[in-house]
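To start, the structure itself, in structure tokens.
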Amino acid sequence: MDKMIDEYITYINLTKKLSDNTIESYTNSLNLFKKFIKKDLSKVNDKDIEKYLSFLNNTHSNASVNHEITVLNEFYRYIFRKKYICTNPMEYFSTRKSSKKLPKYLTIEEVDKLLSIELNDKFDYRNKAMFEFMYATGTRVSEILSLEVGDIDFYNCKVLIKGKGAKERILPISDIALKYLKIYIEEYRNSFFPKNKKINNYLFLNNHGEHLSRVAFLKIIKREALKKEIKKEVSPHILRHSFATHMIENGADIRSVQLLLGHENITTTEIYTHLSNDFVKKSYFENMIRSNKEE
């Protein structure tokens, strides 16, 4: 048994150029399997594999089980090619589909708290305009930071978004987002340019008159969330998730949300329907409890 494992590990080390950590992980996986199975690895059958996977299901996460299946699949394919075995016991075993993690999002009340910025200076007005715009459109942070002033169509209440892969889409903007964009552009944006600094067309600027970076945006939104005592982890992407979730909760169809978010595949957008279903169930049970108390 050790000889076959050693030969296989030598083979992948020489031919696949895997990292030391990966080689060690494969070795540990095969040794764990050998310890559990307690028989010649060339005599293992599908029943033995089933017992082993059943054992792993009780002690390992789904991702870890998938890793062990991958290691065994590759090991048995190798010794089958080398004709050390006549049949491959892993032939009918494949990795399981990992369940998609539901995106985190803010409640409407939490979004209201985040957006209620006290407006005292040019930074407050810029941040207010950015956050209102992001929540109103569900755009990615990269899309917001690449916006130019000319992309905003105030007359038709629309914005031109330059998305992934140079794909463009036109999105509607809410009145409140337009209101704060207009105030920021007309009254505060020019004050971000230092004297003798060449003026550019980027919409959202830092204090050097250059377009805001992703790191700066993240710091701003985290600082604001901390100030408002929002307990959840807050990021630009979570505001995008909040936009999509609230759209679905309020009856928007999945295809419309897909177009607004700029998702190429609708399956990417369908994750928000799970959030919506959870919201409906929670609301239903809360209303039931409230009704029972009133009775």
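Scheme for the structure tokens: letters A, B, ... for chains in order shown; per-chain residue numbers from 1; ligand numbers from 1 in order shown.
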
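For region 183-199 of chain A, the list of residues within 7 Å, based on only C-alpha atoms and with local chain neighbours fewer than 5 positions off taken out, reads A:Lys122, A:Tyr125, A:Arg126, A:Ala129, A:Leu205, A:Asn206, A:Asn207, A:His208, A:Gly209.
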
Please dump the current selection as an mmCIF file, in the first residue's frame; keep C-alpha atoms.
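Generated file (part-v9.cif):
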data_model
loop_
_atom_site.group_PDB
_atom_site.id
_atom_site.type_symbol
_atom_site.label_atom_id
_atom_site.label_comp_id
_atom_site.auth_asym_id
_atom_site.auth_seq_id
_atom_site.Cartn_x
_atom_site.Cartn_y
_atom_site.Cartn_z
ATOM 1 C CA LYS A 122 -17.786 68.599 0.680
ATOM 2 C CA TYR A 125 -22.009 65.647 0.186
ATOM 3 C CA ARG A 126 -19.769 63.449 -1.982
ATOM 4 C CA ALA A 129 -24.268 61.250 -3.409
ATOM 5 C CA LEU A 205 -13.038 62.470 -6.575
ATOM 6 C CA ASN A 206 -10.563 62.255 -3.728
ATOM 7 C CA ASN A 207 -8.966 65.295 -2.104
ATOM 8 C CA HIS A 208 -6.263 65.382 -4.800
ATOM 9 C CA GLY A 209 -8.791 65.802 -7.602
#

Quick one: DSSP alpha helix (DSSP H) residues in region 2-110 of chain A, as an MDAnalysis selection string?
-> chainID A and resid 2:15 20:37 46:59 62:81 108:110

From a DSSP pass on the backbone, collect the residues of region 17-167 of chain A flagged as strand (DSSP E) and hand them back as a list in words.
->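 The strand (DSSP E) residues within region 17-167 of chain A come out as Ile152, Asp153, Lys158, Val159, Leu160, Ile161 and Lys162 of chain A.
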
What is the distance, in Å and to one decimal place, between CA of Ile79 (chain A) and CA of Ile5 (chain A)?
-> 9.5 Å

Which residues of region 135-178 of chain A sit at most 12 Å from region 109-117 of chain A, using only C-alpha atoms? Give each one's shortest atom pair and distance in Å (one decimal place), in chain and ascending residue order, as a Markdown table.
| residue | atom | partner | partner_atom | distance |
| --- | --- | --- | --- | --- |
| A:Tyr135 | CA | A:Val111 | CA | 8.4 |
| A:Ala136 | CA | A:Val111 | CA | 11.2 |
| A:Ile176 | CA | A:Leu115 | CA | 11.2 |
| A:Ala177 | CA | A:Leu115 | CA | 10.8 |

Could you pull the residues within 9 Å of Met134 (chain A), counting only C-alpha atoms, minus those fewer than 6 positions along the same chain, as a ChimeraX atom specification?
-> /A:140-141,144,177,236,239-240,243

Would you kindly return, as a ChimeraX atom specification, each protein, DNA or RNA residue with an atom no farther than 10 Å from any atom of Ser146 (chain A), considering only C-alpha atoms and excluding same-chain residues fewer than 3 positions away?
-> /A:141-143,151,161-163,201-204,211-213

Got time to write the residues from that selection, N, CA and C atoms, as a JSON list (two decimals), in the first residue's frame?
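Dumped to result-v9.json:
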[["chain", "number", "residue", "atom", "x", "y", "z"],
["A", 141, "VAL", "N", -18.87, 48.62, -7.36],
["A", 141, "VAL", "CA", -18.00, 49.73, -6.94],
["A", 141, "VAL", "C", -17.09, 50.17, -8.09],
["A", 142, "SER", "N", -16.60, 49.21, -8.89],
["A", 142, "SER", "CA", -15.74, 49.56, -10.03],
["A", 142, "SER", "C", -16.48, 50.42, -11.05],
["A", 143, "GLU", "N", -17.78, 50.15, -11.21],
["A", 143, "GLU", "CA", -18.59, 50.91, -12.16],
["A", 143, "GLU", "C", -18.82, 52.34, -11.66],
["A", 151, "ASP", "N", -21.79, 60.95, -17.92],
["A", 151, "ASP", "CA", -22.56, 59.71, -17.95],
["A", 151, "ASP", "C", -23.95, 59.87, -17.32],
["A", 161, "ILE", "N", -23.77, 53.13, -17.67],
["A", 161, "ILE", "CA", -22.83, 52.34, -16.87],
["A", 161, "ILE", "C", -21.94, 51.53, -17.80],
["A", 162, "LYS", "N", -20.63, 51.66, -17.58],
["A", 162, "LYS", "CA", -19.66, 50.86, -18.35],
["A", 162, "LYS", "C", -19.28, 49.67, -17.48],
["A", 163, "GLY", "N", -19.83, 48.50, -17.79],
["A", 163, "GLY", "CA", -19.67, 47.33, -16.94],
["A", 163, "GLY", "C", -18.53, 46.42, -17.32],
["A", 201, "ASN", "N", -12.74, 64.42, -15.77],
["A", 201, "ASN", "CA", -14.20, 64.24, -15.85],
["A", 201, "ASN", "C", -14.75, 63.21, -14.88],
["A", 202, "TYR", "N", -13.89, 62.59, -14.05],
["A", 202, "TYR", "CA", -14.40, 61.58, -13.12],
["A", 202, "TYR", "C", -15.43, 62.20, -12.18],
["A", 203, "LEU", "N", -16.47, 61.44, -11.90],
["A", 203, "LEU", "CA", -17.57, 61.97, -11.07],
["A", 203, "LEU", "C", -17.17, 62.08, -9.60],
["A", 204, "PHE", "N", -16.69, 60.99, -9.03],
["A", 204, "PHE", "CA", -16.37, 60.99, -7.60],
["A", 204, "PHE", "C", -14.86, 61.09, -7.40],
["A", 211, "HIS", "N", -9.76, 60.37, -9.35],
["A", 211, "HIS", "CA", -10.91, 59.51, -9.06],
["A", 211, "HIS", "C", -10.64, 58.66, -7.83],
["A", 212, "LEU", "N", -11.67, 58.45, -7.06],
["A", 212, "LEU", "CA", -11.59, 57.73, -5.79],
["A", 212, "LEU", "C", -11.18, 56.28, -6.03],
["A", 213, "SER", "N", -10.38, 55.72, -5.13],
["A", 213, "SER", "CA", -9.96, 54.32, -5.26],
["A", 213, "SER", "C", -10.93, 53.40, -4.54]]

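Pairwise distance (CA of Lys158 (chain A), CA of Met130 (chain A)) equals 15.3 Å.
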
Got a sec: who's within 8 Å of region 68-71 of chain A, counting only C-alpha atoms, leaving out chain neighbours fewer than 6 positions off, as number ranges by chain?
-> A: 26, 29-30, 93-95

Top pick for closest residue to Met247 (chain A), considering A:Asn73, A:Ser25, A:Thr137, A:Asn66 and counting only C-alpha atoms |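 Residue with the minimum atom-to-atom distance to Met247 (chain A): A:Thr137.
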
Excluding same-chain residues fewer than 5 positions from Val65 (chain A), what lies within 9 Å of it counting only C-alpha atoms, as a tab-separated table (two decimals) with C-alpha atoms, in the first residue's frame?
chain	number	residue	atom	x	y	z
A	53	LEU	CA	-17.47	8.66	2.46
A	56	LEU	CA	-16.24	11.56	6.22
A	57	ASN	CA	-19.78	12.98	6.07
A	60	HIS	CA	-15.84	16.71	7.58
A	70	THR	CA	-10.91	14.38	-5.78
A	95	THR	CA	-17.73	15.50	-6.03
A	96	ARG	CA	-20.94	16.96	-4.58

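Here CA of Lys179 (chain A) stands at a distance of 16.0 Å from CA of Gly150 (chain A).
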